[in-house]
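Scroll down for the structure; my scribbles are underneath it.
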Amino acid sequence: MIEPPNKTIPPRDRLILALDVGSPEEAKRLVQQLGEHVDFFKIGLALFMRDGYFELLRWLTERGKKVFVDLKFFDVPQTVASAVAKLRGRQVTFATVHGNEAILKAACAEKGDTRILGVTVLTSMDRSDLVDLGFPAAVDVRALVLSRARRALAAGCDGVVASGLEALDLRNALGARLLIVVPGIRPFDNVDDQKRTVDVEQAFRNGADYIVVGRPILKAPSPAAAALEVQERIAAIFAA
């Protein structure tokens with residue numbers, strides 16, 4: 001077991017809820033329904049394609065919520081740098097960047113107060129998916145994740161997004177030098193497109209700083225009750 005290294009993170013902030021809903025208005029209703037059970041929200045590409053994305057971002061921060069802009073910026077370095085610079089002054093806690101070291105460096109040069117997270121390998125992908133993308137048939141997912149994390153750290157990133165299955169390798173190799181944000185959390189019975197998943201306890205045992213949970217809470221009969229259960233599980237882990 002690798003003990004989560006950053007004890008200064010409030011346990012309640014370690015749960016990031018993915019607001020993967022149909023519109024900013026639906027997102028606001030859900031946030032209000034959740035009340036004080038969730039303080040950190042991820043807003044991604046689907047909401048970005050609807051009117052009101054930045055108004056939603058402002059609405060969240062005005063209510064004291066933390067925001068993770070998950071747009072996985074990936075373009076030529078100058079374009080990514082310009083996009084990241086547009087987040088300045090918006091009180092964005094995290095933003096994701098995909099790409100090589102030059103792209104990551106360009107993003108970090110313009111990040112301001114936003115923490116940049118390098119994307120390693122999506123949790124919806126396994127070895128066969130990487131081969132389909134053109135990687136060698138012998139590609140090792142864990143080795144690739146570690147390689148990308150090293151490059152992200154060298155480029156100035158504050159952390160990475162990685163599966164909980166690789167978090168242990170990252171902590172063993174890189175220690176406390178970067179934040180690890182783990183999506184693909186499946187605390188309840190769930191069947192979907194996520195392939196490299198862990199539960200709440202395993203993620204933190206393996207060294208995660210934060211977990212991102214979406215559908216298991218969003219699709220629960222009571223999202224508020226489901227979020228509270230996850231928060232209680234997190235609190236129990238860090239109570240020791």
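Residue numbers start at 1 in each chain; chains themselves are named A, B, ... in the order of the structure tokens; ligands are numbered from 1 in the order shown.
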Picked from segment 17-108 of chain A by DSSP as strand (DSSP E or B), as a PyMOL selection string | chain A and resi 17-18+40-44+66-73+94-97
Per residue of segment 5-117 of chain A within 10 Å of segment 176-188 of chain A, which atom pair is closest and at what distance in Å (one decimal), using only C-alpha atoms, listed by chain and increasing number, as CSV?
```
residue,atom,partner,partner_atom,distance
A:Pro5,CA,A:Ala176,CA,5.8
A:Asn6,CA,A:Ala176,CA,7.5
A:Arg14,CA,A:Val181,CA,9.1
A:Leu15,CA,A:Val181,CA,9.9
A:Ile16,CA,A:Pro183,CA,9.1
A:Leu17,CA,A:Pro183,CA,9.9
A:Ala18,CA,A:Pro183,CA,9.3
A:Arg115,CA,A:Leu179,CA,9.6
A:Ile116,CA,A:Leu179,CA,9.8
A:Leu117,CA,A:Leu179,CA,8.1
```
Would you please work out which residue, of A:Gly118, A:Val21, A:Lys72, A:Lys66, is nearest to Thr93 of chain A when using only C-alpha atoms?
-> A:Lys66
Of the residues A:Arg90, A:His37, A:Arg50, A:Lys111, which is the one nearest to Cys157 of chain A, using only C-alpha atoms?
-> A:Lys111
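Going from atom CA of Phe94 of chain A over to atom CA of Gln78 of chain A, you cover 19.6 Å.
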Please identify all polymer residues within 12 Å of Glu62 of chain A, counting only C-alpha atoms, omitting same-chain residues fewer than 4 positions from it, and present them as a PDB file with N, CA, C and O atoms, in the first residue's frame.
```pdb
ATOM      1  N   GLU A  55     -20.342  30.425 -18.340  1.00  0.00           N
ATOM      2  CA  GLU A  55     -21.279  30.945 -17.352  1.00  0.00           C
ATOM      3  C   GLU A  55     -21.467  29.921 -16.236  1.00  0.00           C
ATOM      4  O   GLU A  55     -21.537  30.281 -15.058  1.00  0.00           O
ATOM      5  N   LEU A  56     -21.529  28.637 -16.594  1.00  0.00           N
ATOM      6  CA  LEU A  56     -21.613  27.578 -15.587  1.00  0.00           C
ATOM      7  C   LEU A  56     -20.365  27.564 -14.722  1.00  0.00           C
ATOM      8  O   LEU A  56     -20.457  27.425 -13.496  1.00  0.00           O
ATOM      9  N   LEU A  57     -19.199  27.705 -15.343  1.00  0.00           N
ATOM     10  CA  LEU A  57     -17.950  27.742 -14.582  1.00  0.00           C
ATOM     11  C   LEU A  57     -18.006  28.863 -13.540  1.00  0.00           C
ATOM     12  O   LEU A  57     -17.680  28.659 -12.367  1.00  0.00           O
ATOM     13  N   ARG A  58     -18.416  30.049 -13.988  1.00  0.00           N
ATOM     14  CA  ARG A  58     -18.507  31.186 -13.071  1.00  0.00           C
ATOM     15  C   ARG A  58     -19.550  30.936 -11.982  1.00  0.00           C
ATOM     16  O   ARG A  58     -19.322  31.244 -10.804  1.00  0.00           O
ATOM     17  N   LYS A  66     -15.029  24.172  -6.444  1.00  0.00           N
ATOM     18  CA  LYS A  66     -13.821  24.047  -7.245  1.00  0.00           C
ATOM     19  C   LYS A  66     -14.189  23.449  -8.599  1.00  0.00           C
ATOM     20  O   LYS A  66     -15.113  22.634  -8.692  1.00  0.00           O
ATOM     21  N   VAL A  67     -13.440  23.852  -9.639  1.00  0.00           N
ATOM     22  CA  VAL A  67     -13.781  23.431 -10.996  1.00  0.00           C
ATOM     23  C   VAL A  67     -12.563  22.835 -11.692  1.00  0.00           C
ATOM     24  O   VAL A  67     -11.464  23.387 -11.659  1.00  0.00           O
ATOM     25  N   ARG A  90     -10.262  32.817 -14.108  1.00  0.00           N
ATOM     26  CA  ARG A  90     -11.553  32.133 -14.014  1.00  0.00           C
ATOM     27  C   ARG A  90     -11.633  31.199 -12.805  1.00  0.00           C
ATOM     28  O   ARG A  90     -12.603  30.470 -12.647  1.00  0.00           O
ATOM     29  N   GLN A  91     -10.603  31.184 -11.961  1.00  0.00           N
ATOM     30  CA  GLN A  91     -10.565  30.357 -10.746  1.00  0.00           C
ATOM     31  C   GLN A  91     -10.696  28.872 -11.064  1.00  0.00           C
ATOM     32  O   GLN A  91     -11.373  28.131 -10.347  1.00  0.00           O
ATOM     33  N   VAL A  92     -10.048  28.445 -12.132  1.00  0.00           N
ATOM     34  CA  VAL A  92     -10.036  27.034 -12.498  1.00  0.00           C
ATOM     35  C   VAL A  92      -8.956  26.322 -11.692  1.00  0.00           C
ATOM     36  O   VAL A  92      -7.797  26.753 -11.675  1.00  0.00           O
TER      37      VAL A  92
END
```
Would you please work out which residue, of A:Trp59, A:Phe74, A:Phe54, A:Phe41, is nearest to Gly214 of chain A when using only C-alpha atoms?
-> A:Phe41
Contacts of Val160 of chain A at 12 Å or less, counting only C-alpha atoms, minus same-chain residues fewer than 2 places along, as an MDAnalysis selection string?
-> chainID A and resid 72 94:98 104 115:122 145:158 162:164 166:167 170:171 174 177:183 208:211
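Proximity of A:Arg88, A:Val69, A:Gly99, A:Val198 to Asp113 of chain A, computed with only C-alpha atoms, is greatest for A:Arg88.
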Using atom CA of Phe204 of chain A and atom CA of Ile234 of chain A as the two end points, give the distance in Å to one decimal.
-> 8.4 Å
